[in-house]
$ cat model_4.txt   # compact mmCIF, C-alpha atoms and all ligand atoms
# COMPACT_ATOMS: atom_id res chain seq x y z
CA MET A 1 145.86 114.62 46.99
CA ARG A 2 148.76 117.05 47.16
CA ARG A 3 151.11 116.70 50.13
CA LYS A 4 151.42 120.04 51.87
CA ILE A 5 154.84 121.62 52.19
CA VAL A 6 155.94 124.05 54.91
CA VAL A 7 159.35 125.71 54.70
CA GLY A 8 160.97 128.09 57.18
CA ASN A 9 162.87 130.85 55.40
CA TRP A 10 165.27 132.11 58.02
CA LYS A 11 166.44 134.96 55.75
CA MET A 12 169.54 136.83 57.02
CA ASN A 13 169.15 135.69 60.62
CA ASN A 14 171.28 133.55 62.95
CA THR A 15 174.98 132.81 63.15
CA VAL A 16 176.09 129.26 62.43
CA ALA A 17 175.89 128.38 66.13
CA GLU A 18 172.45 129.98 66.45
CA SER A 19 171.27 128.10 63.38
CA GLU A 20 172.40 124.82 64.92
CA THR A 21 170.49 125.60 68.08
CA LEU A 22 167.36 126.59 66.18
CA ALA A 23 167.54 123.45 64.04
CA GLN A 24 167.77 121.32 67.19
CA ASP A 25 164.85 123.20 68.70
CA VAL A 26 162.80 122.73 65.54
CA LEU A 27 163.42 118.96 65.56
CA ALA A 28 162.44 118.77 69.23
CA ALA A 29 159.32 120.89 68.73
CA LEU A 30 158.19 118.93 65.68
CA GLY A 31 158.48 115.58 67.42
CA GLU A 32 156.69 112.92 65.41
CA GLY A 33 153.73 115.05 64.46
CA PHE A 34 154.26 116.02 60.85
CA SER A 35 153.99 112.88 58.79
CA GLY A 36 151.31 114.37 56.53
CA CYS A 37 153.47 117.27 55.49
CA GLU A 38 156.83 117.94 53.85
CA VAL A 39 159.01 120.24 55.98
CA GLY A 40 162.15 122.23 55.20
CA ILE A 41 164.32 124.90 56.77
CA ALA A 42 166.39 127.48 54.91
CA PRO A 43 169.30 128.93 56.91
CA THR A 44 171.88 131.29 55.39
CA TYR A 45 174.43 129.77 53.01
CA LEU A 46 177.00 129.96 55.78
CA ALA A 47 174.98 127.70 58.07
CA LEU A 48 173.81 125.14 55.50
CA GLU A 49 176.45 122.54 56.23
CA ALA A 50 176.17 122.78 60.02
CA THR A 51 172.39 122.69 59.85
CA GLU A 52 172.50 119.64 57.59
CA ARG A 53 174.53 117.81 60.23
CA ILE A 54 171.77 118.49 62.76
CA ILE A 55 168.81 117.47 60.58
CA GLU A 56 170.48 114.58 58.74
CA GLY A 57 168.44 111.42 59.23
CA SER A 58 165.31 113.36 60.15
CA GLU A 59 162.50 114.14 57.72
CA VAL A 60 163.31 117.84 57.77
CA GLN A 61 164.91 118.91 54.51
CA LEU A 62 167.64 121.44 53.89
CA VAL A 63 166.70 124.40 51.71
CA ALA A 64 168.87 127.21 50.31
CA GLN A 65 167.62 130.78 49.97
CA ASN A 66 169.00 131.41 46.47
CA CYS A 67 171.56 130.15 43.96
CA HIS A 68 173.49 131.52 41.01
CA TYR A 69 172.96 130.34 37.45
CA GLU A 70 176.59 129.54 36.63
CA ASN A 71 178.48 126.57 38.08
CA ASP A 72 181.54 128.59 39.05
CA GLY A 73 183.62 131.56 37.99
CA ALA A 74 184.11 135.26 38.62
CA TYR A 75 180.87 136.08 40.47
CA THR A 76 182.09 137.50 43.76
CA GLY A 77 179.72 136.86 46.61
CA GLU A 78 177.60 134.28 44.79
CA VAL A 79 177.01 130.57 45.44
CA SER A 80 176.12 128.11 42.69
CA ALA A 81 173.40 125.48 42.50
CA ARG A 82 176.09 122.82 42.22
CA MET A 83 177.59 123.90 45.56
CA ILE A 84 174.21 123.98 47.22
CA ASN A 85 173.42 120.51 45.98
CA ALA A 86 176.78 119.21 47.21
CA VAL A 87 176.10 120.42 50.74
CA GLY A 88 172.86 118.44 50.96
CA CYS A 89 170.07 120.81 49.97
CA SER A 90 166.90 119.32 48.49
CA TYR A 91 165.28 122.61 47.57
CA VAL A 92 166.32 126.13 46.67
CA ILE A 93 164.14 129.23 46.97
CA ILE A 94 164.37 131.35 43.82
CA GLY A 95 162.93 134.78 43.03
CA HIS A 96 162.01 135.82 46.56
CA SER A 97 160.60 139.35 46.52
CA GLU A 98 163.48 140.55 48.69
CA ARG A 99 165.86 139.35 45.96
CA ARG A 100 163.76 141.12 43.34
CA GLN A 101 163.43 144.30 45.43
CA TYR A 102 166.95 144.73 46.84
CA PHE A 103 169.23 142.72 44.54
CA GLY A 104 167.92 143.46 41.07
CA GLU A 105 166.43 140.05 40.29
CA THR A 106 164.19 140.06 37.25
CA ASN A 107 161.97 137.40 35.77
CA ALA A 108 164.79 136.71 33.29
CA THR A 109 167.48 136.12 35.95
CA VAL A 110 165.00 134.14 38.03
CA ASN A 111 164.39 131.92 35.01
CA LEU A 112 168.15 131.32 34.55
CA ARG A 113 168.47 130.32 38.20
CA VAL A 114 165.46 128.01 38.07
CA LYS A 115 166.85 126.24 35.01
CA LYS A 116 170.28 125.79 36.55
CA ALA A 117 168.89 124.53 39.85
CA LEU A 118 166.77 121.93 38.05
CA THR A 119 169.75 120.85 35.95
CA GLU A 120 171.71 120.31 39.16
CA GLY A 121 168.95 118.08 40.53
CA LEU A 122 167.55 120.55 43.03
CA LYS A 123 163.85 121.11 43.57
CA VAL A 124 162.80 124.74 43.28
CA ILE A 125 160.49 127.00 45.26
CA LEU A 126 159.70 129.78 42.80
CA CYS A 127 158.40 132.90 44.55
CA VAL A 128 155.92 135.28 42.98
CA GLY A 129 153.76 138.07 44.33
CA GLU A 130 152.61 141.63 43.77
CA THR A 131 153.53 144.81 45.64
CA LEU A 132 150.95 146.94 47.44
CA GLU A 133 151.02 149.47 44.63
CA GLU A 134 150.42 146.76 42.05
CA ARG A 135 147.49 145.39 44.06
CA GLU A 136 145.99 148.85 44.47
CA THR A 137 146.30 149.64 40.78
CA GLY A 138 144.60 146.38 39.86
CA VAL A 139 147.50 144.64 38.11
CA THR A 140 147.97 141.71 40.50
CA GLU A 141 146.79 139.20 37.94
CA SER A 142 149.07 140.36 35.13
CA VAL A 143 152.10 140.74 37.44
CA VAL A 144 151.75 137.28 38.95
CA THR A 145 150.98 135.65 35.60
CA SER A 146 154.13 137.19 34.07
CA GLN A 147 156.25 136.11 37.02
CA VAL A 148 155.01 132.53 36.64
CA THR A 149 155.20 132.41 32.86
CA GLU A 150 158.57 134.13 32.50
CA GLY A 151 160.07 132.40 35.53
CA LEU A 152 159.23 129.03 34.01
CA ALA A 153 160.07 129.91 30.38
CA GLY A 154 161.67 127.00 28.57
CA ILE A 155 161.04 124.56 31.42
CA LEU A 156 159.21 121.52 30.11
CA ASP A 157 158.68 119.53 33.29
CA ILE A 158 157.42 121.19 36.47
CA GLY A 159 157.48 118.04 38.59
CA ALA A 160 160.31 119.49 40.71
CA ILE A 161 158.74 122.94 41.09
CA VAL A 162 156.78 124.41 43.98
CA ILE A 163 155.39 127.92 43.58
CA ALA A 164 155.19 130.24 46.58
CA TYR A 165 152.69 133.08 46.36
CA GLU A 166 153.98 135.83 48.63
CA PRO A 167 152.19 139.17 48.31
CA VAL A 168 154.95 141.68 49.05
CA TRP A 169 152.61 143.81 51.20
CA ALA A 170 152.07 140.87 53.53
CA ILE A 171 155.71 139.98 54.13
CA GLY A 172 156.98 140.90 57.55
CA THR A 173 154.19 143.44 57.98
CA GLY A 174 151.82 141.42 60.13
CA LYS A 175 149.19 141.96 57.42
CA THR A 176 148.23 138.55 56.14
CA ALA A 177 146.27 138.22 52.96
CA SER A 178 142.84 136.93 53.92
CA SER A 179 142.38 133.29 53.06
CA ALA A 180 139.97 134.38 50.30
CA GLN A 181 142.46 136.89 48.85
CA ALA A 182 145.21 134.28 48.87
CA GLU A 183 142.98 131.56 47.42
CA GLU A 184 141.99 133.83 44.53
CA VAL A 185 145.62 134.26 43.45
CA HIS A 186 146.47 130.60 44.08
CA LEU A 187 143.63 129.62 41.77
CA LEU A 188 144.90 132.10 39.17
CA ILE A 189 148.36 130.51 39.37
CA ARG A 190 146.94 127.00 39.00
CA THR A 191 144.88 128.12 36.01
CA THR A 192 147.99 129.63 34.41
CA ILE A 193 149.86 126.37 35.00
CA THR A 194 146.96 124.41 33.48
CA GLU A 195 147.21 126.55 30.35
CA LEU A 196 150.98 126.07 30.17
CA TYR A 197 151.40 122.45 31.25
CA GLY A 198 147.97 120.82 31.19
CA GLU A 199 145.62 119.66 33.88
CA PRO A 200 147.48 116.67 35.36
CA ALA A 201 150.65 118.71 36.01
CA ALA A 202 148.65 121.65 37.36
CA SER A 203 146.64 119.50 39.74
CA GLN A 204 149.86 118.07 41.21
CA LEU A 205 151.67 121.40 41.61
CA ARG A 206 152.01 122.59 45.19
CA ILE A 207 151.42 126.32 45.73
CA GLN A 208 152.55 127.67 49.09
CA TYR A 209 151.32 130.88 50.64
CA GLY A 210 153.82 133.20 52.34
CA GLY A 211 153.36 136.49 54.19
CA SER A 212 152.86 136.80 57.94
CA VAL A 213 151.76 133.20 58.42
CA LYS A 214 151.40 132.52 62.14
CA PRO A 215 150.01 129.65 64.22
CA SER A 216 146.82 131.72 64.60
CA ASN A 217 146.06 132.03 60.88
CA ALA A 218 147.70 128.91 59.44
CA VAL A 219 144.73 126.57 59.85
CA GLU A 220 142.39 128.84 57.93
CA LEU A 221 144.89 129.53 55.15
CA PHE A 222 145.83 125.86 54.73
CA ALA A 223 142.16 124.87 54.56
CA MET A 224 141.73 126.66 51.23
CA PRO A 225 141.54 124.26 48.27
CA ASN A 226 144.52 125.70 46.38
CA ILE A 227 146.83 126.51 49.31
CA ASP A 228 149.26 123.65 49.74
CA GLY A 229 151.35 124.85 52.66
CA GLY A 230 153.41 127.87 53.57
CA LEU A 231 156.72 129.66 53.20
CA ILE A 232 157.28 131.07 56.66
CA GLY A 233 159.56 133.98 57.54
CA GLY A 234 159.38 135.57 60.99
CA ALA A 235 157.43 132.78 62.68
CA SER A 236 159.97 130.18 61.51
CA LEU A 237 162.59 131.74 63.80
CA ASN A 238 160.62 130.46 66.78
CA ALA A 239 160.67 126.66 66.95
CA ALA A 240 157.35 126.34 68.77
CA ASP A 241 155.53 128.65 66.34
CA PHE A 242 157.05 126.92 63.33
CA ALA A 243 156.07 123.52 64.69
CA ALA A 244 152.53 124.75 65.32
CA ILE A 245 152.31 125.92 61.69
CA VAL A 246 153.62 122.55 60.47
CA LYS A 247 150.99 120.81 62.61
CA ALA A 248 148.30 123.00 61.04
CA ALA A 249 149.37 121.63 57.66
CA SER A 250 149.72 118.01 58.76
P1 LIG B 301 157.04 136.66 56.98
O1 LIG B 301 156.44 135.31 57.38
O2 LIG B 301 158.02 137.17 57.98
O3 LIG B 301 156.00 137.63 56.59
O4 LIG B 301 157.92 136.35 55.66
C1 LIG B 301 157.37 135.65 54.63
C2 LIG B 301 158.44 135.34 53.65
O5 LIG B 301 158.97 136.21 53.00
C3 LIG B 301 158.88 133.95 53.53
O6 LIG B 301 159.73 133.77 52.44
$ encode --input "model_4.txt" --output "structure tokens" --more "lines below"
Ligand code: 13P
Amino acid sequence: MRRKIVVGNWKMNNTVAESETLAQDVLAALGEGFSGCEVGIAPTYLALEATERIIEGSEVQLVAQNCHYENDGAYTGEVSARMINAVGCSYVIIGHSERRQYFGETNATVNLRVKKALTEGLKVILCVGETLEERETGVTESVVTSQVTEGLAGILDIGAIVIAYEPVWAIGTGKTASSAQAEEVHLLIRTTITELYGEPAASQLRIQYGGSVKPSNAVELFAMPNIDGGLIGGASLNAADFAAIVKAAS
């Protein structure tokens, strides 16, 4: 039985003080009701340390939204996996479609980041997903398979990996993939992982769905056999909604 995992990706929202308030609100809203589920929140880099002080000692884990693939050096504006680890993060999100779309991330740079994060002892949420144009031209399967295969190239052990399937057309648009549409791609991902790493590893891998998850659709999505939780954007900025989504997974 795979333990579901729900992570709030706060993206570029909230000052440090606002992040502290939201983290407190999330803890209060969650109460004791999420023992069946792993939970994380991903504030901006700037707010990681302050947020960690709020959630320390709780079961909510600190997650970073990205990391660089070098330890240090002349990479203005970047933050390394080593730094993220030192501030208390358990997980790092890598390859989010917004990174791919706006900041030039490719499967090759995603792969470098994944490798470095694992080397630094972080767990990784590797994001994959097709654009609307790719879905409409019928290349979803090949796009997602390449993202998985190339993102994981050279990685022998996927025990510390979670994959997040986030169809780009469903992110922030209010258009959720139907549970059947999502399940189809989740199954494709698990089949790809079975081919690459064998059945035992594939059956343990958690695959999150992301893209306009809300309290109203979470139960149905999380009921699908290959959907093991969610990566939540907009709804994670509201503590009550986020807690309701966590409860749907618990
Ligand atoms: P929304 O939930 O706002 O659609 O965002 C999903 C996402 O990109 C999470 O990483």
$ closest_residue --input "model_4.txt" --among "A:Ala249, A:Ile54, A:Cys89, A:Ile227" --to "Cys67 in chain A" --atoms "all atoms listed in the file"
A:Cys89
$ closest_atom_pairs --input "model_4.txt" --of "chain A" --to "ligand LIG 301 (chain B)" --cutoff "6 Å" --atoms "only C-alpha atoms and all ligand atoms" --output "CSV"
residue,atom,partner,partner_atom,distance
A:Asn9,CA,B:LIG301,O6,5.2
A:Ala170,CA,B:LIG301,O3,5.9
A:Ile171,CA,B:LIG301,O3,3.4
A:Gly172,CA,B:LIG301,O3,3.5
A:Gly210,CA,B:LIG301,C1,4.9
A:Gly211,CA,B:LIG301,O3,3.7
A:Ser212,CA,B:LIG301,O3,3.5
A:Val213,CA,B:LIG301,O1,5.2
A:Leu231,CA,B:LIG301,C3,4.8
A:Ile232,CA,B:LIG301,O1,4.4
A:Gly233,CA,B:LIG301,O1,3.4
A:Gly234,CA,B:LIG301,O2,3.7
A:Ala235,CA,B:LIG301,O1,6.0
$ closest_residue --input "model_4.txt" --among "A:Gln208, A:Ser142, A:Thr21, A:Ser90" --to "Ala182 in chain A" --atoms "only C-alpha atoms"
A:Gln208
$ atom_distance --input "model_4.txt" --atom1 "CA of Val63 in chain A" --atom2 "CA of Arg3 in chain A"
17.5 Å
$ closest_residue --input "model_4.txt" --among "A:Ala50, A:Ile84, A:Ile245, A:Val144" --to "Ala17 in chain A" --atoms "only C-alpha atoms"
A:Ala50
$ closest_residue --input "model_4.txt" --among "A:Thr145, A:Asn107, A:Gln101, A:Thr173" --to "Leu187 in chain A" --atoms "all atoms listed in the file"
A:Thr145
$ atom_distance --input "model_4.txt" --atom1 "CA of Ala81 in chain A" --atom2 "CA of Tyr45 in chain A"
11.4 Å
$ closest_residue --input "model_4.txt" --among "A:Ile207, A:Pro43, A:Ala64, A:Ala28" --to "Asn13 in chain A" --atoms "only C-alpha atoms"
A:Pro43
